[in-house]
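**Q** Following this line is coords30.csv, made up of CSV, C-alpha atoms and all ligand atoms:
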chain,number,residue,atom,x,y,z
X,46,MET,CA,-33.8,-110.0,95.5
X,47,ARG,CA,-32.5,-106.4,95.6
X,48,ASP,CA,-30.9,-105.4,98.8
X,49,GLU,CA,-33.2,-102.4,99.3
X,50,VAL,CA,-36.2,-104.7,99.0
X,51,ARG,CA,-34.7,-107.3,101.4
X,52,MET,CA,-33.9,-104.5,104.0
X,53,MET,CA,-37.4,-103.1,103.7
X,54,MET,CA,-39.0,-106.5,104.2
X,55,LEU,CA,-36.8,-107.3,107.1
X,56,GLU,CA,-37.8,-104.0,108.8
X,57,LEU,CA,-41.4,-104.8,108.1
X,58,LEU,CA,-41.1,-108.3,109.6
X,59,LYS,CA,-39.8,-106.8,112.9
X,60,GLN,CA,-43.2,-105.2,113.3
X,61,GLU,CA,-46.5,-106.9,113.8
X,62,ILE,CA,-48.3,-107.1,110.5
X,63,PHE,CA,-52.0,-106.9,110.9
X,64,ASN,CA,-54.8,-107.9,108.6
X,65,ALA,CA,-55.3,-105.3,105.9
X,66,SER,CA,-59.0,-105.8,105.9
X,67,SER,CA,-59.4,-104.9,109.6
X,68,VAL,CA,-60.8,-101.5,110.4
X,69,HIS,CA,-58.5,-100.8,113.4
X,70,GLY,CA,-55.5,-98.5,113.1
X,71,GLU,CA,-53.0,-101.4,112.7
X,72,GLY,CA,-55.2,-102.9,109.9
X,73,ARG,CA,-55.3,-99.5,108.2
X,74,GLU,CA,-51.5,-99.3,108.4
X,75,ALA,CA,-51.3,-102.7,106.6
X,76,ARG,CA,-53.8,-101.5,104.0
X,77,ALA,CA,-51.7,-98.4,103.4
X,78,LYS,CA,-48.6,-100.6,102.7
X,79,ILE,CA,-50.6,-102.4,100.1
X,80,ALA,CA,-52.0,-99.2,98.6
X,81,GLU,CA,-48.4,-97.8,98.3
X,82,ALA,CA,-47.3,-101.0,96.5
X,83,ARG,CA,-50.4,-100.9,94.3
X,84,ASN,CA,-49.6,-97.4,93.2
X,85,ALA,CA,-46.0,-98.3,92.3
X,86,VAL,CA,-47.0,-101.4,90.3
X,87,ALA,CA,-49.8,-99.5,88.6
X,88,GLU,CA,-47.3,-96.8,87.6
X,89,MET,CA,-45.0,-99.4,86.2
X,90,ALA,CA,-47.8,-100.7,84.0
X,91,GLY,CA,-49.0,-97.3,82.9
X,92,THR,CA,-52.4,-97.4,84.7
X,93,SER,CA,-54.1,-96.5,87.9
X,94,SER,CA,-54.1,-98.4,91.1
X,95,ASP,CA,-57.6,-99.7,90.9
X,96,HIS,CA,-56.6,-101.8,87.8
X,97,VAL,CA,-54.1,-103.9,89.8
X,98,ILE,CA,-55.1,-107.3,91.3
X,99,PHE,CA,-52.4,-108.8,93.5
X,100,THR,CA,-52.0,-112.6,93.3
X,101,SER,CA,-49.6,-115.2,94.6
X,102,SER,CA,-47.7,-115.4,91.3
X,103,ALA,CA,-48.0,-114.6,87.6
X,104,SER,CA,-49.1,-118.2,87.2
X,105,GLU,CA,-52.1,-117.5,89.4
X,106,ALA,CA,-52.8,-114.3,87.6
X,107,ALA,CA,-52.7,-116.2,84.3
X,108,ASN,CA,-55.3,-118.7,85.6
X,109,LEU,CA,-57.4,-115.8,86.9
X,110,ALA,CA,-57.4,-114.1,83.5
X,111,LEU,CA,-57.7,-117.2,81.3
X,112,THR,CA,-61.4,-118.0,81.8
X,113,PRO,CA,-64.2,-118.0,79.3
X,114,HIS,CA,-66.4,-116.2,81.8
X,115,TYR,CA,-66.2,-112.4,82.4
X,116,LEU,CA,-68.5,-109.7,83.5
X,117,HIS,CA,-68.4,-106.8,81.1
X,118,GLY,CA,-70.1,-103.9,82.7
X,119,LYS,CA,-73.4,-105.4,83.8
X,120,HIS,CA,-73.4,-108.2,81.3
X,121,GLU,CA,-71.9,-111.6,81.3
X,122,ILE,CA,-69.5,-112.2,78.4
X,123,LYS,CA,-68.4,-115.7,77.3
X,124,PHE,CA,-65.3,-116.1,75.2
X,125,ALA,CA,-65.7,-118.8,72.6
X,126,LYS,CA,-62.1,-119.9,72.5
X,127,ALA,CA,-58.6,-119.2,73.7
X,128,PHE,CA,-55.9,-118.6,71.1
X,129,VAL,CA,-52.5,-118.9,72.7
X,130,SER,CA,-49.2,-118.4,71.1
X,131,ALA,CA,-47.1,-121.6,70.9
X,132,ILE,CA,-44.2,-120.0,72.8
X,133,GLU,CA,-46.0,-119.0,75.9
X,134,HIS,CA,-44.8,-119.8,79.4
X,135,PRO,CA,-46.6,-123.0,80.6
X,136,CYS,CA,-48.9,-121.0,82.9
X,137,VAL,CA,-50.5,-119.4,79.8
X,138,LEU,CA,-49.9,-122.3,77.4
X,139,SER,CA,-52.1,-124.5,79.6
X,140,GLY,CA,-55.1,-122.3,78.7
X,141,GLY,CA,-56.2,-121.8,82.3
X,142,ARG,CA,-59.9,-122.5,82.7
X,143,PHE,CA,-60.6,-122.9,79.0
X,144,GLY,CA,-61.5,-126.5,78.2
X,145,SER,CA,-58.8,-128.2,76.1
X,146,GLU,CA,-61.2,-128.4,73.1
X,147,ASN,CA,-61.4,-124.7,73.2
X,148,ILE,CA,-57.7,-123.9,73.1
X,149,GLU,CA,-55.9,-123.2,69.8
X,150,TYR,CA,-52.2,-122.5,69.4
X,151,LEU,CA,-50.9,-119.6,67.3
X,152,LYS,CA,-47.8,-120.2,65.1
X,153,VAL,CA,-44.6,-118.3,65.3
X,154,ASP,CA,-41.9,-118.0,62.6
X,155,SER,CA,-38.4,-119.4,62.8
X,156,GLU,CA,-37.2,-116.4,64.9
X,157,GLY,CA,-40.0,-117.0,67.4
X,158,VAL,CA,-42.1,-114.0,66.3
X,159,ILE,CA,-45.8,-114.4,66.2
X,160,ASP,CA,-47.1,-115.1,62.7
X,161,LEU,CA,-49.6,-112.1,62.2
X,162,ASN,CA,-51.1,-113.6,59.0
X,163,ALA,CA,-51.9,-116.9,60.8
X,164,LEU,CA,-53.5,-114.8,63.6
X,165,LYS,CA,-55.6,-112.9,61.0
X,166,VAL,CA,-56.7,-116.2,59.6
X,167,ALA,CA,-57.7,-117.5,63.0
X,168,MET,CA,-59.6,-114.3,63.8
X,169,ALA,CA,-61.3,-114.0,60.4
X,170,PRO,CA,-64.5,-116.0,61.3
X,171,PHE,CA,-64.9,-113.8,64.5
X,172,LYS,CA,-64.3,-110.6,62.5
X,173,ALA,CA,-67.0,-111.5,60.0
X,174,VAL,CA,-69.6,-112.1,62.7
X,175,TYR,CA,-68.5,-109.0,64.7
X,176,ASP,CA,-68.6,-106.7,61.6
X,177,ALA,CA,-72.1,-107.8,60.9
X,178,LEU,CA,-73.3,-107.1,64.5
X,179,GLU,CA,-75.6,-104.1,64.8
X,180,ASP,CA,-75.0,-103.9,68.5
X,181,LYS,CA,-71.3,-104.5,69.2
X,182,ASN,CA,-72.2,-105.3,72.8
X,183,ASP,CA,-74.7,-108.0,71.7
X,184,PRO,CA,-74.5,-110.5,74.6
X,185,SER,CA,-75.0,-113.5,72.4
X,186,TYR,CA,-71.7,-112.8,70.6
X,187,GLN,CA,-68.8,-115.0,71.9
X,188,PRO,CA,-65.6,-113.2,71.1
X,189,PRO,CA,-62.1,-114.8,71.0
X,190,PHE,CA,-59.6,-114.6,73.9
X,191,VAL,CA,-56.0,-114.2,72.7
X,192,ALA,CA,-52.8,-114.5,74.7
X,193,VAL,CA,-49.4,-113.4,73.3
X,194,MET,CA,-46.4,-112.6,75.5
X,195,LEU,CA,-44.5,-109.3,75.5
X,196,ALA,CA,-41.1,-111.0,75.6
X,197,ASN,CA,-40.2,-114.7,75.6
X,198,ASN,CA,-38.4,-116.0,78.7
X,199,GLU,CA,-36.2,-118.4,76.7
X,200,THR,CA,-35.1,-116.4,73.6
X,201,GLY,CA,-35.8,-112.9,74.8
X,202,VAL,CA,-37.8,-112.2,71.6
X,203,VAL,CA,-40.1,-109.2,71.9
X,204,GLU,CA,-43.5,-109.8,70.3
X,205,PRO,CA,-45.4,-107.2,68.2
X,206,VAL,CA,-48.1,-106.8,70.8
X,207,TYR,CA,-49.5,-103.6,69.4
X,208,GLU,CA,-50.1,-105.2,66.0
X,209,VAL,CA,-51.6,-108.3,67.6
X,210,ALA,CA,-54.0,-106.0,69.6
X,211,GLU,CA,-55.2,-104.3,66.5
X,212,ILE,CA,-56.1,-107.6,64.9
X,213,VAL,CA,-57.8,-109.0,68.0
X,214,HIS,CA,-59.8,-105.8,68.7
X,215,GLU,CA,-61.3,-105.9,65.2
X,216,THR,CA,-63.2,-108.9,66.4
X,217,GLY,CA,-64.2,-107.5,69.8
X,218,GLY,CA,-61.8,-109.9,71.3
X,219,PHE,CA,-59.7,-109.7,74.5
X,220,LEU,CA,-55.9,-109.7,74.6
X,221,LEU,CA,-53.9,-111.0,77.6
X,222,VAL,CA,-50.2,-110.1,77.5
X,223,ASP,CA,-47.6,-111.9,79.7
X,224,ALA,CA,-45.3,-109.0,80.6
X,225,VAL,CA,-43.3,-111.0,83.2
X,226,GLN,CA,-40.0,-110.9,81.3
X,227,GLY,CA,-40.5,-107.5,79.8
X,228,ALA,CA,-41.0,-105.7,83.2
X,229,GLY,CA,-38.0,-103.6,84.1
X,230,LYS,CA,-36.5,-104.2,80.6
X,231,LEU,CA,-39.1,-102.6,78.4
X,232,ILE,CA,-41.3,-99.7,79.0
X,233,LEU,CA,-44.7,-101.2,80.0
X,234,ASP,CA,-47.7,-99.2,79.2
X,235,ILE,CA,-50.9,-101.1,79.0
X,236,GLU,CA,-52.6,-98.2,77.2
X,237,SER,CA,-50.1,-97.8,74.3
X,238,LEU,CA,-49.6,-101.6,74.0
X,239,GLU,CA,-53.4,-101.8,73.7
X,240,ALA,CA,-53.4,-104.9,75.8
X,241,ASP,CA,-56.5,-105.7,77.8
X,242,ALA,CA,-54.6,-107.3,80.6
X,243,LEU,CA,-51.0,-107.9,81.7
X,244,LEU,CA,-49.3,-110.4,83.9
X,245,LEU,CA,-46.4,-109.4,86.2
X,246,SER,CA,-44.3,-111.3,88.7
X,247,ALA,CA,-42.2,-109.6,91.4
X,248,HIS,CA,-39.3,-111.9,91.4
X,249,LYS,CA,-38.3,-110.9,87.8
X,250,ILE,CA,-37.7,-107.3,88.9
X,251,GLY,CA,-35.7,-108.0,92.1
X,252,GLY,CA,-38.8,-108.5,94.3
X,253,PRO,CA,-39.7,-111.5,96.4
X,254,GLN,CA,-40.9,-114.8,95.0
X,255,GLY,CA,-44.5,-115.8,95.4
X,256,VAL,CA,-46.3,-112.5,94.5
X,257,GLY,CA,-47.6,-111.4,91.1
X,258,ALA,CA,-50.3,-109.3,89.6
X,259,LEU,CA,-53.0,-109.2,87.0
X,260,ILE,CA,-53.4,-105.7,85.5
X,261,LEU,CA,-56.6,-104.9,83.8
X,262,LYS,CA,-56.8,-102.1,81.2
X,263,SER,CA,-60.4,-101.4,82.1
X,264,THR,CA,-62.2,-102.2,85.3
X,265,ALA,CA,-65.3,-102.9,83.2
X,266,TYR,CA,-63.9,-106.3,82.5
X,267,LYS,CA,-64.0,-108.7,85.5
X,268,PRO,CA,-62.8,-112.3,85.2
X,269,TYR,CA,-64.8,-114.8,87.1
X,270,PRO,CA,-62.7,-115.2,90.3
X,271,LEU,CA,-60.4,-118.2,90.6
X,272,VAL,CA,-60.0,-118.0,94.4
X,273,ARG,CA,-63.4,-117.4,95.8
X,274,GLY,CA,-64.3,-116.4,99.4
X,275,GLY,CA,-63.8,-113.0,101.0
X,276,GLY,CA,-63.9,-109.7,99.2
X,277,GLN,CA,-60.2,-108.9,99.1
X,278,GLU,CA,-58.6,-107.4,96.0
X,279,ASN,CA,-61.9,-105.7,95.1
X,280,HIS,CA,-63.6,-109.1,95.0
X,281,HIS,CA,-61.2,-110.4,92.4
X,282,ARG,CA,-59.1,-112.6,94.6
X,283,ALA,CA,-60.1,-113.9,98.1
X,284,GLY,CA,-57.6,-114.5,100.9
X,285,THR,CA,-55.8,-112.3,103.4
X,286,GLU,CA,-53.3,-110.3,101.5
X,287,ASN,CA,-49.6,-111.1,101.9
X,288,VAL,CA,-48.7,-107.6,103.0
X,289,LEU,CA,-45.0,-108.4,103.3
X,290,ALA,CA,-44.6,-109.8,99.8
X,291,ILE,CA,-46.8,-107.1,98.2
X,292,ALA,CA,-44.8,-104.4,99.9
X,293,GLY,CA,-41.6,-106.0,98.5
X,294,PHE,CA,-43.1,-106.1,95.0
X,295,GLY,CA,-44.0,-102.4,95.2
X,296,LYS,CA,-40.5,-101.5,96.4
X,297,ALA,CA,-38.9,-103.5,93.6
X,298,ALA,CA,-41.2,-101.9,91.0
X,299,LYS,CA,-40.1,-98.4,92.2
X,300,ILE,CA,-36.4,-99.2,92.0
X,301,ALA,CA,-36.8,-101.0,88.6
X,302,MET,CA,-38.4,-97.8,87.3
X,303,ASP,CA,-35.8,-95.5,88.8
X,304,GLU,CA,-32.9,-97.5,87.4
X,305,PHE,CA,-34.5,-98.4,84.1
X,306,ALA,CA,-32.3,-96.5,81.7
X,307,GLU,CA,-29.0,-97.0,83.4
X,308,VAL,CA,-29.4,-100.8,84.0
X,309,ASN,CA,-30.7,-101.5,80.5
X,310,GLU,CA,-28.0,-99.6,78.8
X,311,ARG,CA,-25.3,-101.5,80.8
X,312,ILE,CA,-26.9,-104.9,80.4
X,313,VAL,CA,-27.3,-104.8,76.7
X,314,GLU,CA,-23.7,-103.9,76.3
X,315,LEU,CA,-22.6,-106.8,78.5
X,316,ARG,CA,-24.9,-109.3,76.7
X,317,ASN,CA,-23.5,-108.2,73.3
X,318,ALA,CA,-19.9,-108.5,74.5
X,319,LEU,CA,-20.7,-112.0,75.9
X,320,GLU,CA,-22.2,-113.1,72.6
X,321,LEU,CA,-19.3,-111.8,70.6
X,322,ALA,CA,-16.7,-113.4,73.0
X,323,LEU,CA,-18.5,-116.8,72.7
X,324,VAL,CA,-18.4,-116.7,68.9
X,325,GLN,CA,-14.7,-115.5,68.8
X,326,SER,CA,-13.7,-118.2,71.2
X,327,LEU,CA,-14.5,-120.8,68.6
X,328,ASP,CA,-11.8,-119.8,66.1
X,329,ASN,CA,-12.4,-122.1,63.1
X,330,ASN,CA,-15.7,-123.5,64.4
X,331,GLN,CA,-17.7,-120.4,64.7
X,332,SER,CA,-20.4,-121.7,62.4
X,333,ASP,CA,-21.1,-124.4,65.0
X,334,LEU,CA,-22.5,-121.8,67.3
X,335,LEU,CA,-26.1,-120.7,66.7
X,336,VAL,CA,-27.7,-117.8,68.5
X,337,PHE,CA,-31.4,-118.2,68.5
X,338,ALA,CA,-33.6,-115.3,67.2
X,339,GLN,CA,-30.4,-113.3,66.6
X,340,THR,CA,-32.0,-111.1,64.0
X,341,ALA,CA,-35.3,-110.5,65.9
X,342,LYS,CA,-35.9,-107.7,68.4
X,343,ARG,CA,-34.7,-109.2,71.7
X,344,LEU,CA,-34.5,-108.3,75.3
X,345,GLY,CA,-31.1,-106.8,76.2
X,346,ASN,CA,-30.5,-109.3,78.9
X,347,THR,CA,-31.2,-112.7,77.3
X,348,LEU,CA,-29.0,-114.9,75.2
X,349,CYS,CA,-30.1,-118.3,73.9
X,350,PHE,CA,-27.6,-120.3,71.9
X,351,ALA,CA,-26.5,-123.8,71.0
X,352,LEU,CA,-23.1,-125.2,70.2
X,353,LYS,CA,-23.7,-128.1,67.8
X,354,GLY,CA,-22.6,-131.4,69.5
X,355,LEU,CA,-22.4,-130.0,73.0
X,356,ASN,CA,-25.3,-131.4,74.9
X,357,ALA,CA,-26.9,-128.8,77.2
X,358,GLU,CA,-26.9,-131.1,80.2
X,359,THR,CA,-23.2,-131.7,79.9
X,360,ALA,CA,-22.5,-127.9,79.5
X,361,LEU,CA,-24.7,-127.1,82.5
X,362,ILE,CA,-22.7,-129.5,84.7
X,363,GLY,CA,-19.4,-127.9,83.4
X,364,PHE,CA,-20.7,-124.4,84.3
X,365,ASP,CA,-22.1,-125.6,87.6
X,366,LEU,CA,-18.6,-126.9,88.6
X,367,ALA,CA,-17.3,-123.4,87.8
X,368,GLY,CA,-19.9,-121.8,90.0
X,369,ILE,CA,-22.0,-120.4,87.2
X,370,ALA,CA,-25.8,-120.9,87.2
X,371,ILE,CA,-27.4,-120.9,83.8
X,372,SER,CA,-30.3,-122.8,82.3
X,373,SER,CA,-30.8,-125.1,79.4
X,374,GLY,CA,-33.4,-124.2,76.7
X,375,SER,CA,-36.1,-125.0,79.2
X,376,ALA,CA,-35.8,-125.0,83.0
X,377,CYS,CA,-38.2,-127.6,84.0
X,378,SER,CA,-39.9,-127.4,87.4
X,379,SER,CA,-39.1,-131.1,87.9
X,380,GLY,CA,-35.4,-130.4,87.7
X,381,LYS,CA,-35.1,-132.5,84.6
X,382,VAL,CA,-33.7,-131.0,81.4
X,383,LYS,CA,-36.1,-131.5,78.6
X,384,SER,CA,-36.1,-129.8,75.2
X,385,SER,CA,-37.9,-126.6,74.8
X,386,HIS,CA,-41.4,-126.1,73.4
X,387,VAL,CA,-40.3,-122.6,72.3
X,388,LEU,CA,-37.5,-123.9,70.1
X,389,LYS,CA,-39.9,-126.6,68.8
X,390,ALA,CA,-42.4,-124.0,67.8
X,391,MET,CA,-39.5,-122.2,66.0
X,392,GLU,CA,-38.9,-125.5,64.2
X,393,VAL,CA,-35.4,-126.0,65.6
X,394,GLU,CA,-34.3,-129.6,65.1
X,395,ASP,CA,-34.5,-131.7,68.2
X,396,ASP,CA,-30.8,-132.5,68.1
X,397,LEU,CA,-29.9,-128.8,68.2
X,398,ALA,CA,-32.6,-127.9,70.7
X,399,GLN,CA,-31.0,-130.5,73.1
X,400,CYS,CA,-27.9,-128.3,73.0
X,401,ALA,CA,-29.6,-125.0,73.8
X,402,LEU,CA,-28.3,-122.9,76.6
X,403,ARG,CA,-30.0,-119.9,78.0
X,404,ILE,CA,-28.2,-117.0,79.8
X,405,SER,CA,-30.0,-114.3,81.6
X,406,LEU,CA,-28.2,-111.2,82.8
X,407,GLY,CA,-29.7,-109.5,85.8
X,408,TRP,CA,-29.9,-105.9,87.0
X,409,ASN,CA,-26.9,-106.8,89.2
X,410,THR,CA,-24.7,-108.5,86.6
X,411,GLN,CA,-21.3,-106.9,86.2
X,412,LYS,CA,-18.5,-107.1,83.7
X,413,GLU,CA,-16.5,-109.4,86.1
X,414,ASP,CA,-19.4,-111.9,85.9
X,415,VAL,CA,-19.3,-111.9,82.1
X,416,ASP,CA,-15.5,-112.3,82.2
X,417,GLY,CA,-16.0,-115.2,84.7
X,418,PHE,CA,-18.4,-116.8,82.4
X,419,ILE,CA,-16.1,-116.6,79.4
X,420,ASN,CA,-13.3,-118.1,81.5
X,421,ALA,CA,-15.4,-121.0,82.6
X,422,TRP,CA,-16.6,-121.4,79.0
X,423,SER,CA,-13.0,-121.6,77.7
X,424,SER,CA,-11.5,-123.6,80.5
X,425,GLN,CA,-14.3,-126.1,81.2
X,426,VAL,CA,-17.1,-126.2,78.8
X,427,LYS,CA,-15.5,-125.6,75.4
X,428,ARG,CA,-13.1,-128.4,76.2
X,429,LEU,CA,-16.1,-130.8,76.5
X,430,TYR,CA,-17.1,-129.8,73.1
X,431,GLU,CA,-13.6,-130.2,71.6
X,432,ALA,CA,-13.4,-133.7,73.2
X,433,ALA,CA,-16.9,-134.7,71.8
M,1,LIG,N1,-44.3,-115.9,82.4
M,1,LIG,C1,-43.0,-115.9,82.1
M,1,LIG,C2,-42.6,-115.3,80.8
M,1,LIG,C3,-42.1,-116.3,83.1
M,1,LIG,O1,-40.8,-116.3,82.8
M,1,LIG,C4,-42.6,-116.8,84.3
M,1,LIG,C5,-41.6,-117.3,85.3
M,1,LIG,O2,-40.5,-117.7,85.1
M,1,LIG,C6,-43.9,-116.8,84.6
M,1,LIG,C7,-44.8,-116.4,83.6
M,1,LIG,C8,-44.5,-117.4,85.8
M,1,LIG,O3,-44.3,-116.5,86.9
M,1,LIG,P1,-44.5,-117.0,88.4
M,1,LIG,O4,-43.3,-117.8,88.8
M,1,LIG,O5,-44.7,-115.7,89.2
M,1,LIG,O6,-45.8,-117.8,88.4
Could you write out this structure as structure tokens?

**A**
Amino acid sequence: MRDEVRMMMLELLKQEIFNASSVHGEGREARAKIAEARNAVAEMAGTSSDHVIFTSSASEAANLALTPHYLHGKHEIKFAKAFVSAIEHPCVLSGGRFGSENIEYLKVDSEGVIDLNALKVAMAPFKAVYDALEDKNDPSYQPPFVAVMLANNETGVVEPVYEVAEIVHETGGFLLVDAVQGAGKLILDIESLEADALLLSAHKIGGPQGVGALILKSTAYKPYPLVRGGGQENHHRAGTENVLAIAGFGKAAKIAMDEFAEVNERIVELRNALELALVQSLDNNQSDLLVFAQTAKRLGNTLCFALKGLNAETALIGFDLAGIAISSGSACSSGKVKSSHVLKAMEVEDDLAQCALRISLGWNTQKEDVDGFINAWSSQVKRLYEAA
């Protein structure tokens, strides 16, 4: 968490935080804190504040968005199927409230980029029906629901969201974009991305854990609520708002926007230096090191690589002993290392996927951290590979 966010939250905690739905002055003060955060998050996503729905996480926002049942204006709309890219985070991959018989997975190529031709083929039957509709709002038409992420959390690959949107919208379909990893690293603009909805998570931009948002491009689309009860979040999500966490999210969004250019310029340089140092450290065995998606457009802070023959779990232990926290290809919530569905979708052989390591540089990573990493790599981890 960013220091400024922590300090702001600590200050807020010293006060009594009232219920933001209450009409008394203290309630209105709490509501103003939420409104301020909503404005900041909306600005980050290139939209207005009434398009922001706060949730407990991006995972909850994904489950709110991924439903066959929406209200579109005054009409109910039912999506026939969910088409989900094979490299999505599990919160999207699971298909939310779509039945498993109505979820299809979209292929990616060996670099982890969505296969636009395969998407066109999947959309073709919908496009044919949609083209033939006299009334494009015909309530009997069941359009497709598509989910493609902006940037992948394991490889950093940036997906061609705009091109995906064009194909999806030719069918009258809806596009959900998981922008969790892209936030603070790419310019987010729901209008120019042409996404219908975005997912965000505060803890990826230096905010607190346990708060996220669903951003809707148009307030005309209303997903059937996941959490039902009171009328909070404009009837999208019941439950007394977590004012403290939401305020922290807003503060983090503001700072991430202010520091955007400076941080990203610095981080991409550090990542490239790190990548080069890893390769060069291997002298005659440089071809044993594989950087995944190296030729694709990638986030500037992510590096996913494998050193043939060095098991990820062994390497993680070596790094941990040196005080360096990195992940294997897939950080599993159970704490077990298992091979990554992302690398599998890229058709990386299982033996190599077992060796995949994932490094994320944060807004606060400095050159000394990269030097420390290279030292640990040379003194602890590379030795394990040489001994293998
Ligand atoms: N999507 C991506 C790409 C992520 O990396 C993550 C978290 O790591 C999530 C969604 C889920 O976010 P949250 O932890 O807020 O549910």

**Q** What does the list of residues within 9 Å of ligand LIG 1 (chain M) look like if you count only C-alpha atoms and all ligand atoms, written as a PyMOL selection string?

**A** chain X and resi 100-107+133-137+194-199+223-227+244-249+254-258+376

**Q** Which residues are close to Glu215 (chain X), i.e. within 9 Å by only C-alpha atoms, leaving aside same-chain residues fewer than 2 positions away? Reply as a VMD selection string.

**A** chain X and resid 168 171 to 172 175 to 176 210 to 213 217 to 218

**Q** Which residues are near Val86 (chain X)? Cut-off 12 Å, only C-alpha atoms, ignore same chain within fewer than 5 positions. Put them as an MDAnalysis selection string.

**A** chainID X and resid 79:81 91:99 228:229 233:235 243:247 250 252 256:260 291:302

**Q** The selected residues should be written to file as an mmCIF file, in the frame of the given file (atoms: C-alpha atoms).

**A**
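Printed below is result27.cif as written:
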data_model
loop_
_atom_site.group_PDB
_atom_site.id
_atom_site.type_symbol
_atom_site.label_atom_id
_atom_site.label_comp_id
_atom_site.auth_asym_id
_atom_site.auth_seq_id
_atom_site.Cartn_x
_atom_site.Cartn_y
_atom_site.Cartn_z
ATOM 1 C CA ILE X 79 -50.600 -102.400 100.100
ATOM 2 C CA ALA X 80 -52.000 -99.200 98.600
ATOM 3 C CA GLU X 81 -48.400 -97.800 98.300
ATOM 4 C CA GLY X 91 -49.000 -97.300 82.900
ATOM 5 C CA THR X 92 -52.400 -97.400 84.700
ATOM 6 C CA SER X 93 -54.100 -96.500 87.900
ATOM 7 C CA SER X 94 -54.100 -98.400 91.100
ATOM 8 C CA ASP X 95 -57.600 -99.700 90.900
ATOM 9 C CA HIS X 96 -56.600 -101.800 87.800
ATOM 10 C CA VAL X 97 -54.100 -103.900 89.800
ATOM 11 C CA ILE X 98 -55.100 -107.300 91.300
ATOM 12 C CA PHE X 99 -52.400 -108.800 93.500
ATOM 13 C CA ALA X 228 -41.000 -105.700 83.200
ATOM 14 C CA GLY X 229 -38.000 -103.600 84.100
ATOM 15 C CA LEU X 233 -44.700 -101.200 80.000
ATOM 16 C CA ASP X 234 -47.700 -99.200 79.200
ATOM 17 C CA ILE X 235 -50.900 -101.100 79.000
ATOM 18 C CA LEU X 243 -51.000 -107.900 81.700
ATOM 19 C CA LEU X 244 -49.300 -110.400 83.900
ATOM 20 C CA LEU X 245 -46.400 -109.400 86.200
ATOM 21 C CA SER X 246 -44.300 -111.300 88.700
ATOM 22 C CA ALA X 247 -42.200 -109.600 91.400
ATOM 23 C CA ILE X 250 -37.700 -107.300 88.900
ATOM 24 C CA GLY X 252 -38.800 -108.500 94.300
ATOM 25 C CA VAL X 256 -46.300 -112.500 94.500
ATOM 26 C CA GLY X 257 -47.600 -111.400 91.100
ATOM 27 C CA ALA X 258 -50.300 -109.300 89.600
ATOM 28 C CA LEU X 259 -53.000 -109.200 87.000
ATOM 29 C CA ILE X 260 -53.400 -105.700 85.500
ATOM 30 C CA ILE X 291 -46.800 -107.100 98.200
ATOM 31 C CA ALA X 292 -44.800 -104.400 99.900
ATOM 32 C CA GLY X 293 -41.600 -106.000 98.500
ATOM 33 C CA PHE X 294 -43.100 -106.100 95.000
ATOM 34 C CA GLY X 295 -44.000 -102.400 95.200
ATOM 35 C CA LYS X 296 -40.500 -101.500 96.400
ATOM 36 C CA ALA X 297 -38.900 -103.500 93.600
ATOM 37 C CA ALA X 298 -41.200 -101.900 91.000
ATOM 38 C CA LYS X 299 -40.100 -98.400 92.200
ATOM 39 C CA ILE X 300 -36.400 -99.200 92.000
ATOM 40 C CA ALA X 301 -36.800 -101.000 88.600
ATOM 41 C CA MET X 302 -38.400 -97.800 87.300
#

**Q** From the set X:Ala65, X:Ala85, X:Ala173, X:Ile404, which residue has the shortest atom-to-atom contact distance to Leu344 (chain X), counting all atoms listed in the file?

**A**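 Residue with the minimum atom-to-atom distance to Leu344 (chain X): X:Ile404.
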
**Q** Residues within 12 Å of Val202 (chain X), please, as JSON, numbers by chain. Count all atoms listed in the file; anything in the same chain fewer than 5 positions from it doesn't count.

**A** {"X": [132, 133, 153, 154, 155, 156, 157, 158, 159, 193, 194, 195, 196, 197, 226, 227, 231, 336, 337, 338, 339, 340, 341, 342, 343, 344, 345, 346, 347, 348, 349, 387, 388, 391]}

**Q** Could you jot down the CA of Phe124 (chain X) to CA of Pro189 (chain X) separation for me, Å, one decimal place?

**A** 5.4 Å

**Q** Please report the interatomic distance between CA of Ser424 (chain X) and CA of Leu323 (chain X) in Å with one decimal.

**A**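 Interatomic distance, CA of Ser424 (chain X) to CA of Leu323 (chain X): 12.5 Å.
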
**Q** Contacts of Ser384 (chain X) at 12 Å or less, counting all atoms listed in the file, minus same-chain residues fewer than 5 places along, as a PyMOL selection string?

**A** chain X and resi 199+356-358+372-377+389-390+393-403

**Q** Got a sec: who's within 7 Å of His114 (chain X), counting all atoms listed in the file, leaving out chain neighbours fewer than 3 positions off, as a count of residues only?

**A** 5

**Q** Kindly give the distance, in Å, that separates CA of Ala367 (chain X) and CA of Phe418 (chain X), rounded to a single decimal.

**A**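 Going from CA of Ala367 (chain X) over to CA of Phe418 (chain X) covers 8.6 Å.
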
**Q** Check the smallest atom-to-atom distance from each of X:Ser139, X:Asn162, X:Gln187, X:Gln277 to Ser67 (chain X) using only C-alpha atoms, then report the winner.

**A**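 That would be X:Gln277, the residue with the smallest distance to Ser67 (chain X).
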